[in-house]
2 protein chains.
Amino acid sequence: MMKSGFLGKRARHSGAARRRRLSDSVLRRIWREGEISRAEIARRAELSRSTVSEIVDGLLLTRLVAEVGTGPSRGGRRPIVLRFQDGACVILGVEMGATHIAVALTDLRGRVLAWEHRHHAVRTDPRGTRALMIELCQDALAAGADESQRLVGIGVAVPSPVDPTDPDHLSELVLPAWSGRGGLQVLSQRFGAPLMVDNDANLGALAEQWWGAGRGIDDFAYIKLATGIGSGHIIAGNIYRGARGTAGEIGHVAIDPHGALCICGLRGCLATLIGAPALVARARELLARDPDSMLADTEPTITAIEDAALAGDPIALQVVVEAAENLGIAVADVLNLLNPARVILGGGIARLGEILLEPLRETVSRRTLLSAFSASAIQVSELGPRAGAIGAATLVLQSALADSRHFNLATPTAEIA
Amino acid sequence: MMKSGFLGKRARHSGAARRRRLSDSVLRRIWREGEISRAEIARRAELSRSTVSEIVDGLLLTRLVAEVGTGPSRGGRRPIVLRFQDGACVILGVEMGATHIAVALTDLRGRVLAWEHRHHAVRTDPRGTRALMIELCQDALAAGADESQRLVGIGVAVPSPVDPTDPDHLSELVLPAWSGRGGLQVLSQRFGAPLMVDNDANLGALAEQWWGAGRGIDDFAYIKLATGIGSGHIIAGNIYRGARGTAGEIGHVAIDPHGALCICGLRGCLATLIGAPALVARARELLARDPDSMLADTEPTITAIEDAALAGDPIALQVVVEAAENLGIAVADVLNLLNPARVILGGGIARLGEILLEPLRETVSRRTLLSAFSASAIQVSELGPRAGAIGAATLVLQSALADSRHFNLATPTAEIA
DNA sequence: CATACTTTGTTCGTCGTCTGAACAAAGATG
DNA sequence: CATCTTTGTTCAGACGACGAACAAAGTATG
């Protein structure tokens with residue numbers, strides 16, 4: 001019995017699977033270089049030119065790669081230039097915030113082809129949020145994609161830890177009204193494309209790794225400063241999610257054991273000290289004592305505080321400096337535990353740049369082992385408020401480049417027939 | 001020109017290199033299973049029986065694998081049992097502490113064949129320390145190895161961060177008299193075997209992963225409580241060293257910003273609160289107020305405090321409970337940032353077991369996100385004071401199992417000739 | 001400007017791996 | 001006892017990647 005059964009998995013060490021992996025590695029190389037010739041691929045990948053030619057023939061059929069003229073001679077025949085076709089497909093990246101939804105439609109190089117953004121009471125309205133996501137995705141596709149561009153997939157950044165074994169689960173502490181379920185499969189069904197979900201800070205980190213301040217760096221931390229505080233960690237080149245997906249909860253690192261109560265049930269978490277509501281409250285406190293501030297005109301919001309700090313308002317600056325000092329304690333802990341090569345700050349307040357960085361660097365350098373760190377390694381995000389949505393799209397891109405079957409194209413053989 | 005050059009690296013996708021990788025993966029499988037038949041390997045590795053037979057023929061020639069009779073029938077011919085020869089080689093693991101040197105001679109299954117331990121003023125005497133290491137290694141080899149057993153390599157655990165790009169460098173903060181250099185190559189030269197160096201907490205974590213409380217777990221933290229406090233982190237199955245080898249400095253996480261000054265230049269580091277000297281000082285302080293303690297008889301040492309706590313002495317217990325509470329704050333930070341599946345405590349004080357664990361778990365569960373952790377996931381080391389030296393040997397074993405050329409055996413072809 | 005030399009990309013024969021089928025040995029089953 | 005399984009080996013064949021050879025298209029040099 002069981003003479004041969006299903007021979008689906010047998011082909012691992014032979015034929016098809018091996019050739020696919022090699023082809024994928026060549027495809028990734030073409031993506032990475034943008035433009036490259038067959039001969040150059042052969043040199044860098046340590047393959048023979050004949051093998052590369054064969055593989056490239058297959059890739060040309062997928063339309064992900066095209067020949068675009070000839071390059072400069074290196075002393076002999078001029079090479080045929082292969083170019084990765086960034087526009088062959090599109091990807092949707094959705095960011096779900098506490099009070100907004102944003103959607104980025106990107107090409108295969110992370111370029112934003114369309115951007116949609118809408119304020120919404122996400123926390124209290126699951127159904128409306130899902131409908132809004134679909135609407136914004138439709139709008140983005142209509143604005144930025146044409147018929148020829150296949151949708152590779154949809155990525156979603158959520159403001160909650162995501163357990164890889166149960167990606168639709170959302171934290172009931174952060175989003176009580178959602179009763180633990182995202183229900184995001186509707187997106188997948190509506191647009192007929194695979195869905196990938198991850199935490200917003202993780203995806204911010206991923207976006208910075210591929211397109212921003214983390215390019216070329218295999219170990220860094222991304223800290224998102226918003227209503228909540230979260231961190232995403234790139235470790236040995238990959239997002240680190242921990243045993244159950246809750247790594248990166250820097251917002252609940254203990255700073256002041258006697259501080260205010262947090263939604264997590266603890267006291268003195270970083271989030272209670274420098275989350276947006278905390279900063280607003282602190283600004284109010286300072287205004288009560290000293291009302292000679294441009295902030296006194298209106299009810300202060302986090303955006304107003306940021307604007308005032310940029311304009312040089314002393315009270316806003318004090319709020320920021322105090323926040324930087326508290327953040328510095330947590331950053332120092334991260335440096336001591338994880339030794340990242342860089343720390344990247346994202347979220348709204350990161351637009352303050354040096355106003356935030358200078359007191360932060362000062363605190364951190366007082367609190368870290370001398371050799372461990374150069375202060376210049378603390379930077380602000382290069383992608384700003386779009387990092388989350390772009391990172392969500394990048395998650396899809398990453399998986400497609402890792403295994404080109406996820407591009408979901410007609411197979412080469414089918415195209416020939 | 002450059003018709004073919006050196007063809008050393010070309011063979012990556014063909015022939016020799018591929019066969020070697022496959023052979024190594026079969027060897028690892030035999031190691032992992034201990035005993036297994038060819039047919040079983042074929043099933044689990046999804047290879048054909050003929051291929052496995054061919055590879056096993058090669059492995060038998062290395063003497064790392066042998067046929068040892070037949071196993072139970074599964075309804076047909078009885079399989080020939082292959083057994084990994086744990087005793088074919090030996091490995092030396094050296095632990096360099098602040099005040100001692102320990103050497104473990106192990107087989108290829110992490111069993112300790114010989115154990116040497118000597119107190120020594122390591123911090124102030126580099127030359128004598130190196131000589132002592134050589135002496136203890138010699139003793140261990142004489143006591144536990146015979147002529148037929150080749151020495152695969154020597155691993156060394158050092159009480160300093162180790163930069164993978166400069167493994168002989170030692171921290172000048174921790175070991176000022178060593179002026180930044182380990183000079184451990186003498187070991188390699190003396191015994192004619194490769195040398196590998198890593199941080200002691202990292203190697204404690206590795207030992208627990210292979211042989212102790214971390215078996216089968218891909219994400220956990222090991223915390224070494226001794227003169228200094230360090231942590232080693234297994235992340236996605238591998239030791240995480242950070243960008244420059246200084247990950248895992250939990251000893252310098254900030255607990256009390258107004259605390260005592262640390263060698264690192266900061267205040268209130270965990271190490272200043274629960275390092276062995278701090279515990280001794282705290283015991284003295286308590287004794288001054290209440291001299292009715294068994295500790296009052298002699299000058300208190302860390303070992304004496306541990307013994308007294310085990311005997312139920314109230315003052316010793318208070319010292320331990322306070323230490324557990326401070327440690328708990330740092331452990332909670334680790335849980336929030338890294339979400340390990342387990343936390344393992346090593347170092348001398350870990351022998352207190354539940355006396356230490358109970359107040360620690362209490363503190364941690366008050367300070368961590370509910371869903372993130374079950375308190376039972378905090379445990380003490382299974383390997384105790386030998387974890388560092390065994391981990392150092394395991395580092396060598398790991399590299400040999402990853403690439404069997406590191407076993408440094410006569411090649412099969414050479415043995416045939 | 002003709003000749004020699006390079007580089008590129010393709011074609012084709014070859015080598016080495018891994019496979020699957022066939023087989024003998026050894027045991028289970030009824 | 002005959003039949004069926006399982007194991008391990010042998011051997012021919014499929015297939016992938018390689019290298020050699022070649023044509024095409026360039027550069028360097030007299």
# chains A, B, ... in the order shown; residues from 1 in each chain; ligands from 1
call {"tool": "closest_atom_pairs", "arguments": {"of": "chain C", "to": "chain A", "cutoff": "8 Å", "atoms": "only C-alpha atoms (C1' of nucleotides)", "output": "tab-separated table"}}
result
residue	atom	partner	partner_atom	distance
C:DT6	C1'	A:Gly76	CA	4.5
C:DT7	C1'	A:Gly76	CA	3.9
C:DT8	C1'	A:Arg77	CA	5.4
C:DG9	C1'	A:Ser53	CA	7.4
C:DT10	C1'	A:Ser50	CA	7.5
C:DC18	C1'	A:Ser14	CA	6.6
call {"tool": "write_last_selection", "arguments": {"atoms": "C-alpha atoms (C1' of nucleotides)", "output": "PDB file, in the first residue's frame"}}
result
ATOM      1  C1'  DT C   6      36.935  41.103 -25.553  1.00  0.00           C
ATOM      2  C1'  DT C   7      32.575  40.494 -24.142  1.00  0.00           C
ATOM      3  C1'  DT C   8      27.876  38.827 -24.720  1.00  0.00           C
ATOM      4  C1'  DG C   9      24.457  35.512 -25.428  1.00  0.00           C
ATOM      5  C1'  DT C  10      23.195  31.031 -27.468  1.00  0.00           C
ATOM      6  C1'  DC C  18      18.943  12.287  -7.443  1.00  0.00           C
TER       7       DC C  18
END
call {"tool": "select_by_dssp", "arguments": {"residues": "stretch 229-344 of chain B", "states": "strand (DSSP E)", "output": "ChimeraX atom specification"}}
result
/B:229-235,238-239,342-344
call {"tool": "write_last_selection", "arguments": {"atoms": "N, CA and C atoms", "output": "PDB file, in the first residue's frame"}}
result
ATOM      1  N   ILE B 229      25.579  41.126  35.881  1.00  0.00           N
ATOM      2  CA  ILE B 229      24.305  40.592  35.409  1.00  0.00           C
ATOM      3  C   ILE B 229      24.309  40.695  33.890  1.00  0.00           C
ATOM      4  N   GLY B 230      24.084  39.583  33.220  1.00  0.00           N
ATOM      5  CA  GLY B 230      24.045  39.622  31.761  1.00  0.00           C
ATOM      6  C   GLY B 230      22.908  38.773  31.251  1.00  0.00           C
ATOM      7  N   SER B 231      22.520  38.998  30.006  1.00  0.00           N
ATOM      8  CA  SER B 231      21.477  38.156  29.440  1.00  0.00           C
ATOM      9  C   SER B 231      21.869  37.701  28.049  1.00  0.00           C
ATOM     10  N   GLY B 232      21.429  36.507  27.714  1.00  0.00           N
ATOM     11  CA  GLY B 232      21.604  35.970  26.371  1.00  0.00           C
ATOM     12  C   GLY B 232      20.235  35.685  25.799  1.00  0.00           C
ATOM     13  N   HIS B 233      20.053  36.020  24.513  1.00  0.00           N
ATOM     14  CA  HIS B 233      18.727  35.901  23.926  1.00  0.00           C
ATOM     15  C   HIS B 233      18.756  34.975  22.724  1.00  0.00           C
ATOM     16  N   ILE B 234      17.949  33.931  22.806  1.00  0.00           N
ATOM     17  CA  ILE B 234      17.758  33.069  21.641  1.00  0.00           C
ATOM     18  C   ILE B 234      16.550  33.621  20.891  1.00  0.00           C
ATOM     19  N   ILE B 235      16.787  34.035  19.668  1.00  0.00           N
ATOM     20  CA  ILE B 235      15.749  34.673  18.878  1.00  0.00           C
ATOM     21  C   ILE B 235      15.622  33.916  17.573  1.00  0.00           C
ATOM     22  N   ASN B 238      18.304  31.277  17.125  1.00  0.00           N
ATOM     23  CA  ASN B 238      19.722  31.592  17.117  1.00  0.00           C
ATOM     24  C   ASN B 238      20.084  32.575  18.225  1.00  0.00           C
ATOM     25  N   ILE B 239      21.336  32.527  18.652  1.00  0.00           N
ATOM     26  CA  ILE B 239      21.838  33.541  19.557  1.00  0.00           C
ATOM     27  C   ILE B 239      21.726  34.888  18.863  1.00  0.00           C
ATOM     28  N   ARG B 342      10.001  31.938  27.140  1.00  0.00           N
ATOM     29  CA  ARG B 342      10.442  31.506  28.463  1.00  0.00           C
ATOM     30  C   ARG B 342      11.571  32.422  28.922  1.00  0.00           C
ATOM     31  N   VAL B 343      11.722  32.521  30.236  1.00  0.00           N
ATOM     32  CA  VAL B 343      12.858  33.233  30.813  1.00  0.00           C
ATOM     33  C   VAL B 343      13.560  32.266  31.756  1.00  0.00           C
ATOM     34  N   ILE B 344      14.848  32.072  31.542  1.00  0.00           N
ATOM     35  CA  ILE B 344      15.609  31.100  32.325  1.00  0.00           C
ATOM     36  C   ILE B 344      16.655  31.848  33.139  1.00  0.00           C
TER      37      ILE B 344
END
call {"tool": "atom_distance", "arguments": {"atom1": "atom CA of A:Asp198", "atom2": "atom CA of A:Ala260"}}
result
29.0 Å
call {"tool": "interface_residues", "arguments": {"of": "chain B", "to": "chain A", "cutoff": "7 Å", "atoms": "only C-alpha atoms", "output": "list in words"}}
result
Arg10, Glu46, Asp219, Gly242, Ala243, Arg244, Thr246, Ala247, Gly248, Glu249, Ile250, His252, Val253, Ala254, Cys264, Leu266, Asp333, Asn336, Leu337, Leu338, Asn339, Pro340, Ala341, Arg366, Arg367, Leu369 and Ala372 of chain B
call {"tool": "write_last_selection", "arguments": {"atoms": "N, CA and C atoms", "output": "PDB file, in the first residue's frame"}}
result
ATOM      1  N   ARG B  10      33.097  28.518  -8.017  1.00  0.00           N
ATOM      2  CA  ARG B  10      32.071  28.247  -9.013  1.00  0.00           C
ATOM      3  C   ARG B  10      31.137  27.111  -8.614  1.00  0.00           C
ATOM      4  N   GLU B  46      12.414  13.329   2.944  1.00  0.00           N
ATOM      5  CA  GLU B  46      11.853  13.335   1.598  1.00  0.00           C
ATOM      6  C   GLU B  46      12.941  13.149   0.550  1.00  0.00           C
ATOM      7  N   ASP B 219      12.481  30.958  21.063  1.00  0.00           N
ATOM      8  CA  ASP B 219      12.609  32.336  21.533  1.00  0.00           C
ATOM      9  C   ASP B 219      12.595  32.359  23.049  1.00  0.00           C
ATOM     10  N   GLY B 242      23.217  41.251  18.227  1.00  0.00           N
ATOM     11  CA  GLY B 242      23.066  42.675  17.955  1.00  0.00           C
ATOM     12  C   GLY B 242      24.016  43.141  16.871  1.00  0.00           C
ATOM     13  N   ALA B 243      23.964  44.439  16.617  1.00  0.00           N
ATOM     14  CA  ALA B 243      24.746  44.986  15.519  1.00  0.00           C
ATOM     15  C   ALA B 243      26.241  44.863  15.790  1.00  0.00           C
ATOM     16  N   ARG B 244      26.656  45.016  17.048  1.00  0.00           N
ATOM     17  CA  ARG B 244      28.080  44.981  17.344  1.00  0.00           C
ATOM     18  C   ARG B 244      28.416  44.060  18.510  1.00  0.00           C
ATOM     19  N   THR B 246      26.887  43.615  21.380  1.00  0.00           N
ATOM     20  CA  THR B 246      26.617  44.006  22.763  1.00  0.00           C
ATOM     21  C   THR B 246      25.150  43.838  23.149  1.00  0.00           C
ATOM     22  N   ALA B 247      24.386  43.073  22.396  1.00  0.00           N
ATOM     23  CA  ALA B 247      23.018  42.787  22.823  1.00  0.00           C
ATOM     24  C   ALA B 247      23.057  41.987  24.120  1.00  0.00           C
ATOM     25  N   GLY B 248      21.999  42.102  24.887  1.00  0.00           N
ATOM     26  CA  GLY B 248      21.910  41.290  26.097  1.00  0.00           C
ATOM     27  C   GLY B 248      22.535  41.912  27.322  1.00  0.00           C
ATOM     28  N   GLU B 249      22.737  43.219  27.323  1.00  0.00           N
ATOM     29  CA  GLU B 249      23.306  43.862  28.506  1.00  0.00           C
ATOM     30  C   GLU B 249      22.196  44.258  29.469  1.00  0.00           C
ATOM     31  N   ILE B 250      21.470  43.262  29.917  1.00  0.00           N
ATOM     32  CA  ILE B 250      20.353  43.546  30.806  1.00  0.00           C
ATOM     33  C   ILE B 250      20.848  44.143  32.117  1.00  0.00           C
ATOM     34  N   HIS B 252      22.609  46.536  32.574  1.00  0.00           N
ATOM     35  CA  HIS B 252      22.671  47.986  32.546  1.00  0.00           C
ATOM     36  C   HIS B 252      21.358  48.626  32.116  1.00  0.00           C
ATOM     37  N   VAL B 253      20.299  47.870  32.267  1.00  0.00           N
ATOM     38  CA  VAL B 253      18.966  48.448  32.120  1.00  0.00           C
ATOM     39  C   VAL B 253      18.699  49.312  33.358  1.00  0.00           C
ATOM     40  N   ALA B 254      18.055  50.449  33.121  1.00  0.00           N
ATOM     41  CA  ALA B 254      17.826  51.401  34.222  1.00  0.00           C
ATOM     42  C   ALA B 254      16.641  50.967  35.065  1.00  0.00           C
ATOM     43  N   CYS B 264      29.678  51.252  34.479  1.00  0.00           N
ATOM     44  CA  CYS B 264      29.390  51.731  33.129  1.00  0.00           C
ATOM     45  C   CYS B 264      29.204  53.244  33.113  1.00  0.00           C
ATOM     46  N   LEU B 266      26.698  54.879  34.657  1.00  0.00           N
ATOM     47  CA  LEU B 266      25.306  55.268  34.875  1.00  0.00           C
ATOM     48  C   LEU B 266      24.896  55.049  36.319  1.00  0.00           C
ATOM     49  N   ASP B 333      10.454  44.304  31.359  1.00  0.00           N
ATOM     50  CA  ASP B 333      10.885  45.045  30.177  1.00  0.00           C
ATOM     51  C   ASP B 333      11.255  44.093  29.046  1.00  0.00           C
ATOM     52  N   ASN B 336       8.128  42.669  27.489  1.00  0.00           N
ATOM     53  CA  ASN B 336       7.412  43.619  26.643  1.00  0.00           C
ATOM     54  C   ASN B 336       8.148  43.880  25.339  1.00  0.00           C
ATOM     55  N   LEU B 337       9.455  43.885  25.397  1.00  0.00           N
ATOM     56  CA  LEU B 337      10.209  44.199  24.184  1.00  0.00           C
ATOM     57  C   LEU B 337      10.401  42.981  23.291  1.00  0.00           C
ATOM     58  N   LEU B 338      10.640  41.831  23.870  1.00  0.00           N
ATOM     59  CA  LEU B 338      11.056  40.679  23.069  1.00  0.00           C
ATOM     60  C   LEU B 338      10.075  39.526  23.053  1.00  0.00           C
ATOM     61  N   ASN B 339       9.117  39.509  23.972  1.00  0.00           N
ATOM     62  CA  ASN B 339       8.136  38.446  24.007  1.00  0.00           C
ATOM     63  C   ASN B 339       8.750  37.051  23.888  1.00  0.00           C
ATOM     64  N   PRO B 340       9.679  36.715  24.764  1.00  0.00           N
ATOM     65  CA  PRO B 340      10.222  35.360  24.748  1.00  0.00           C
ATOM     66  C   PRO B 340       9.177  34.369  25.245  1.00  0.00           C
ATOM     67  N   ALA B 341       9.316  33.116  24.832  1.00  0.00           N
ATOM     68  CA  ALA B 341       8.390  32.092  25.314  1.00  0.00           C
ATOM     69  C   ALA B 341       8.765  31.655  26.723  1.00  0.00           C
ATOM     70  N   ARG B 366       2.586  41.478  37.815  1.00  0.00           N
ATOM     71  CA  ARG B 366       1.985  42.783  38.035  1.00  0.00           C
ATOM     72  C   ARG B 366       2.393  43.786  36.966  1.00  0.00           C
ATOM     73  N   ARG B 367       3.455  43.478  36.226  1.00  0.00           N
ATOM     74  CA  ARG B 367       4.041  44.489  35.359  1.00  0.00           C
ATOM     75  C   ARG B 367       4.021  44.134  33.886  1.00  0.00           C
ATOM     76  N   LEU B 369       1.730  42.878  30.249  1.00  0.00           N
ATOM     77  CA  LEU B 369       0.446  42.754  29.579  1.00  0.00           C
ATOM     78  C   LEU B 369      -0.132  41.379  29.855  1.00  0.00           C
ATOM     79  N   ALA B 372       0.373  38.371  27.523  1.00  0.00           N
ATOM     80  CA  ALA B 372       1.705  38.128  26.992  1.00  0.00           C
ATOM     81  C   ALA B 372       2.406  36.935  27.622  1.00  0.00           C
TER      82      ALA B 372
END
call {"tool": "interface_residues", "arguments": {"of": "chain D", "to": "chain B", "cutoff": "7 Å", "atoms": "only C-alpha atoms (C1' of nucleotides)", "output": "JSON, numbers by chain"}}
result
{"D": [5, 6, 7, 17]}
call {"tool": "write_last_selection", "arguments": {"atoms": "C-alpha atoms (C1' of nucleotides)", "output": "PDB file, in the first residue's frame"}}
result
ATOM      1  C1'  DT D   5       5.701  -5.562   3.584  1.00  0.00           C
ATOM      2  C1'  DT D   6       9.656  -3.373   4.455  1.00  0.00           C
ATOM      3  C1'  DT D   7      14.577  -2.597   3.896  1.00  0.00           C
ATOM      4  C1'  DA D  17      23.854  23.165 -14.398  1.00  0.00           C
TER       5       DA D  17
END
call {"tool": "residues_around", "arguments": {"residues": "stretch 394-410 of chain A", "least_positions_apart": "5", "cutoff": "7 Å", "atoms": "only C-alpha atoms (C1' of nucleotides)", "output": "list of chain:residue names"}}
result
A:Asp24, A:Arg28, A:Thr62, A:Leu108, A:Gly110, A:Val152, A:Gly153, A:Ile154, A:Gly155, A:Met196, A:Ala207, A:Glu415
call {"tool": "residues_around", "arguments": {"residues": "stretch 292-304 of chain A", "least_positions_apart": "5", "cutoff": "8 Å", "atoms": "only C-alpha atoms (C1' of nucleotides)", "output": "MDAnalysis selection string"}}
result
chainID A and resid 276:277 279:280 283:284 287 313:316 348
